[in-house]
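Input: a single structure, listed below in structure tokens.
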Amino acid sequence: MKEKIYTIPVTEAFQQDCECPLCLMEEKLEEEALEYTLGASMMEPDSRIETNKNGFCQKHFTKLNNLQKNRLSLALIIDTHLIEQNARLSKAYENNSSLIAKECDLSLGDGLVNKLKRKKTATQEFLAEIVQVLDELEHSCTICNKINFTMDKFIDVILYLYFKEPEFFRLFNSKKGVCIKHLKLLLLGCQKYLDTKNQAIFIRNLMSQQVTNMQRIQEDVNWFTKKFDYRFKDEPWKNSKDAIQRSIKKLVGPADLQ
Ligand SMILES: [Zn+2]
Ligand SMILES: [Zn+2]
């Protein structure tokens with residue numbers, strides 16, 4: 001049996017009526033990670049090492065701020081993250097600054113010779129290096145890392161239960177599919193965790209469920225558009241009142257929609 005700490009959230013989410021049980025799991029993980037970041041993580045040296053190094057992505061910095069909780073903790077986390085990142089940036093620049101300074105006086109001829117020799121100038125080498133550093137910083141996030149790690153465990157558990165527990169197999173097949181983001185995660189997981197026969201069985205069931213439900217949601221949105229047509233204005237809304245929100249979530253996964 002797979003670890004209980006992962007099976008309970010999986011079965012709980014699959015018991016809900018929703019467009020994507022994996023979104024429910026991810027939203028819960030995100031909520032817990034945000035709380036932890038502003039709470040206990042402050043006192044954990046390992047967490048501080050990670051937040052100093054990785055910081056947070058734009059979405060999670062925004063959420064940490066908008067929670068308007070534990071402002072001192074958040075400020076302390078940002079303070080040491082900035083100290084580490086500032087040191088990284090200034091070191092990268094200082095290592096190259098004298099060569100860059102020399103190239104400020106590069107003549108047109110030197111520039112052409114370099115170009116002909118396809119030789120990179122020190123400034124160009126620095127550019128490539130610093131863009132990579134910034135790219136890493138932009139895409140690193142302590143909370144995303146945590147969510148991705150646990151979501152991978154959840155996928156493993158889902159695939160395990162699917163083939164080992166007939167009740168879960170029936171439950172999974174009775175759902176409305178998942179969102180596009182988590183469809184990809186399930187497909188990648190099936191590559192990673194299943195043998196070839198079970199891959200085929202799982203993909204056949206998952207994809208037919210997904211196609212049917214993507215059509216259903218498109219029809220819901222389509223009915224929503226029809227309700228703006230005077231010929232349908234007295235018709236019932238059917239299941240389309242929240243079709244915009246549900247279809248956006250079906251396309252992109254967890255999203256804070258109003
Ligand atoms: Zn989802
Ligand atoms: Zn993030």
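The chains in the structure tokens are called A, B, ... from first to last as shown; in each chain the residues are counted from 1, and the ligands are counted from 1 in the order shown.
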Using only C-alpha atoms and all ligand atoms, tabulate the residues of chain A lying at most 6 Å from any atom of ligand 2, each with its closest atom pair and that distance in Å to one decimal, by chain and increasing residue number, as a Markdown table.
```
| residue | atom | partner | partner_atom_place_in_ligand_line | distance |
| --- | --- | --- | --- | --- |
| A:Phe56 | CA | ligand 2 | 1 (Zn) | 5.4 |
| A:Cys57 | CA | ligand 2 | 1 (Zn) | 4.2 |
| A:Lys59 | CA | ligand 2 | 1 (Zn) | 5.9 |
| A:His60 | CA | ligand 2 | 1 (Zn) | 4.8 |
| A:Cys141 | CA | ligand 2 | 1 (Zn) | 4.6 |
| A:Ile143 | CA | ligand 2 | 1 (Zn) | 5.1 |
| A:Cys144 | CA | ligand 2 | 1 (Zn) | 4.0 |
```
Go ahead and write the residues just picked, N, CA, C and O atoms, as a short mmCIF file (atom, residue, chain, number, x, y, z; two decimals), in the first residue's frame.
```
data_model
loop_
_atom_site.label_atom_id
_atom_site.label_comp_id
_atom_site.auth_asym_id
_atom_site.auth_seq_id
_atom_site.Cartn_x
_atom_site.Cartn_y
_atom_site.Cartn_z
N PHE A 56 10.64 33.15 -4.84
CA PHE A 56 9.31 32.72 -5.25
C PHE A 56 9.04 33.25 -6.65
O PHE A 56 9.61 34.27 -7.06
N CYS A 57 8.12 32.60 -7.36
CA CYS A 57 7.73 33.10 -8.68
C CYS A 57 6.79 34.30 -8.47
O CYS A 57 6.36 34.59 -7.35
N LYS A 59 3.67 34.69 -9.21
CA LYS A 59 2.36 34.33 -8.67
C LYS A 59 2.43 34.14 -7.15
O LYS A 59 1.57 34.64 -6.42
N HIS A 60 3.47 33.46 -6.69
CA HIS A 60 3.51 33.16 -5.25
C HIS A 60 3.99 34.34 -4.41
O HIS A 60 3.54 34.48 -3.27
N CYS A 141 11.15 28.80 -7.63
CA CYS A 141 10.15 29.17 -6.63
C CYS A 141 10.06 28.07 -5.58
O CYS A 141 9.81 26.90 -5.90
N ILE A 143 7.77 27.60 -3.39
CA ILE A 143 6.42 27.03 -3.27
C ILE A 143 6.11 26.13 -4.47
O ILE A 143 5.60 25.01 -4.29
N CYS A 144 6.43 26.57 -5.68
CA CYS A 144 6.23 25.71 -6.86
C CYS A 144 6.99 24.40 -6.70
O CYS A 144 6.45 23.33 -7.02
#
```
Might you pull out every residue within 12 Å of segment 193-208 of chain A, with only C-alpha atoms counted and same-chain residues fewer than 4 positions away left off, and present them as a VMD selection string?
chain A and resid 152 to 164 169 to 170 172 to 180 182 to 189 212 to 215
Name the residues, by chain letter and number, that sit within 8 Å of ligand 1 using only C-alpha atoms and all ligand atoms, and give them as a ChimeraX atom specification. /A:19-24,26,178-183,249-250,252-254
Give me the residues within 12 Å of Gln85 of chain A as a list of chain:residue names, counting only C-alpha atoms and dropping any in the same chain fewer than 5 places off. A:Thr51, A:Asn52, A:Lys53, A:Asn54, A:Gly55, A:Ile78, A:Asp79, A:Thr80, A:Ser90, A:Lys91, A:Ala92, A:Val133, A:Leu134, A:Glu136, A:Leu137, A:Glu138
Which neighbours of Asn222 of chain A fall inside 9 Å, counting only C-alpha atoms, when residues of the same chain fewer than 5 positions from it are skipped, and could you give them as a short mmCIF file (atom, residue, chain, number, x, y, z; two decimals) with all heavy atoms, in the first residue's frame?
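Written file, part.cif:
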```cif
data_model
loop_
_atom_site.label_atom_id
_atom_site.label_comp_id
_atom_site.auth_asym_id
_atom_site.auth_seq_id
_atom_site.Cartn_x
_atom_site.Cartn_y
_atom_site.Cartn_z
N ILE A 217 -17.80 20.83 -21.87
CA ILE A 217 -17.56 22.17 -21.35
C ILE A 217 -17.66 23.20 -22.48
O ILE A 217 -18.13 24.32 -22.29
CB ILE A 217 -16.24 22.24 -20.55
CG1 ILE A 217 -16.38 23.31 -19.46
CG2 ILE A 217 -15.04 22.51 -21.40
CD1 ILE A 217 -15.59 23.05 -18.24
N LYS A 227 -27.25 32.51 -24.95
CA LYS A 227 -28.18 33.23 -24.07
C LYS A 227 -28.16 34.75 -24.31
O LYS A 227 -29.01 35.47 -23.84
CB LYS A 227 -27.86 32.91 -22.60
CG LYS A 227 -28.36 31.55 -22.12
CD LYS A 227 -29.88 31.49 -22.02
CE LYS A 227 -30.42 32.38 -20.90
NZ LYS A 227 -31.86 32.64 -21.04
N SER A 240 -24.83 26.60 -17.69
CA SER A 240 -23.84 27.49 -18.33
C SER A 240 -23.53 28.77 -17.55
O SER A 240 -22.68 29.53 -17.96
CB SER A 240 -24.32 27.85 -19.73
OG SER A 240 -25.34 28.81 -19.64
N ALA A 243 -20.02 28.92 -16.81
CA ALA A 243 -19.25 28.21 -17.86
C ALA A 243 -17.92 28.90 -18.17
O ALA A 243 -16.94 28.23 -18.48
CB ALA A 243 -20.08 28.10 -19.13
#
```
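Using only C-alpha atoms, the protein and nucleic acid residues lying no more than 12 Å from Arg48 of chain A, apart from those fewer than 2 places from it along its own chain, are Tyr36, Thr37, Leu38, Gly39, Ala40, Ser41, Met42, Met43, Glu44, Pro45, Asp46, Glu50, Thr51, Asn52, Lys53, Asn54, Gly55, Ser73, Leu74, Leu76, Ile77, Ile78, Asp79, Thr80, His81, Glu84 and Thr142 of chain A.
Note that atom CA of Glu3 of chain A and atom CA of Glu32 of chain A are 19.2 Å apart.
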Could you list, as a PyMOL selection string, every residue within 8 Å of Met25 of chain A, counting only C-alpha atoms and ignoring same-chain residues fewer than 5 positions away? chain A and resi 9-10+13+151
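Between atom CA of Leu34 of chain A and atom CA of Phe61 of chain A there is a distance of 9.6 Å.
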Taken to one decimal, the atom CA of Lys146 of chain A-atom CA of Glu31 of chain A distance is 11.5 Å
Among A:Lys119, A:Ile147, A:Leu67, A:Tyr93, Val131 of chain A is approached most closely, using only C-alpha atoms, by A:Tyr93
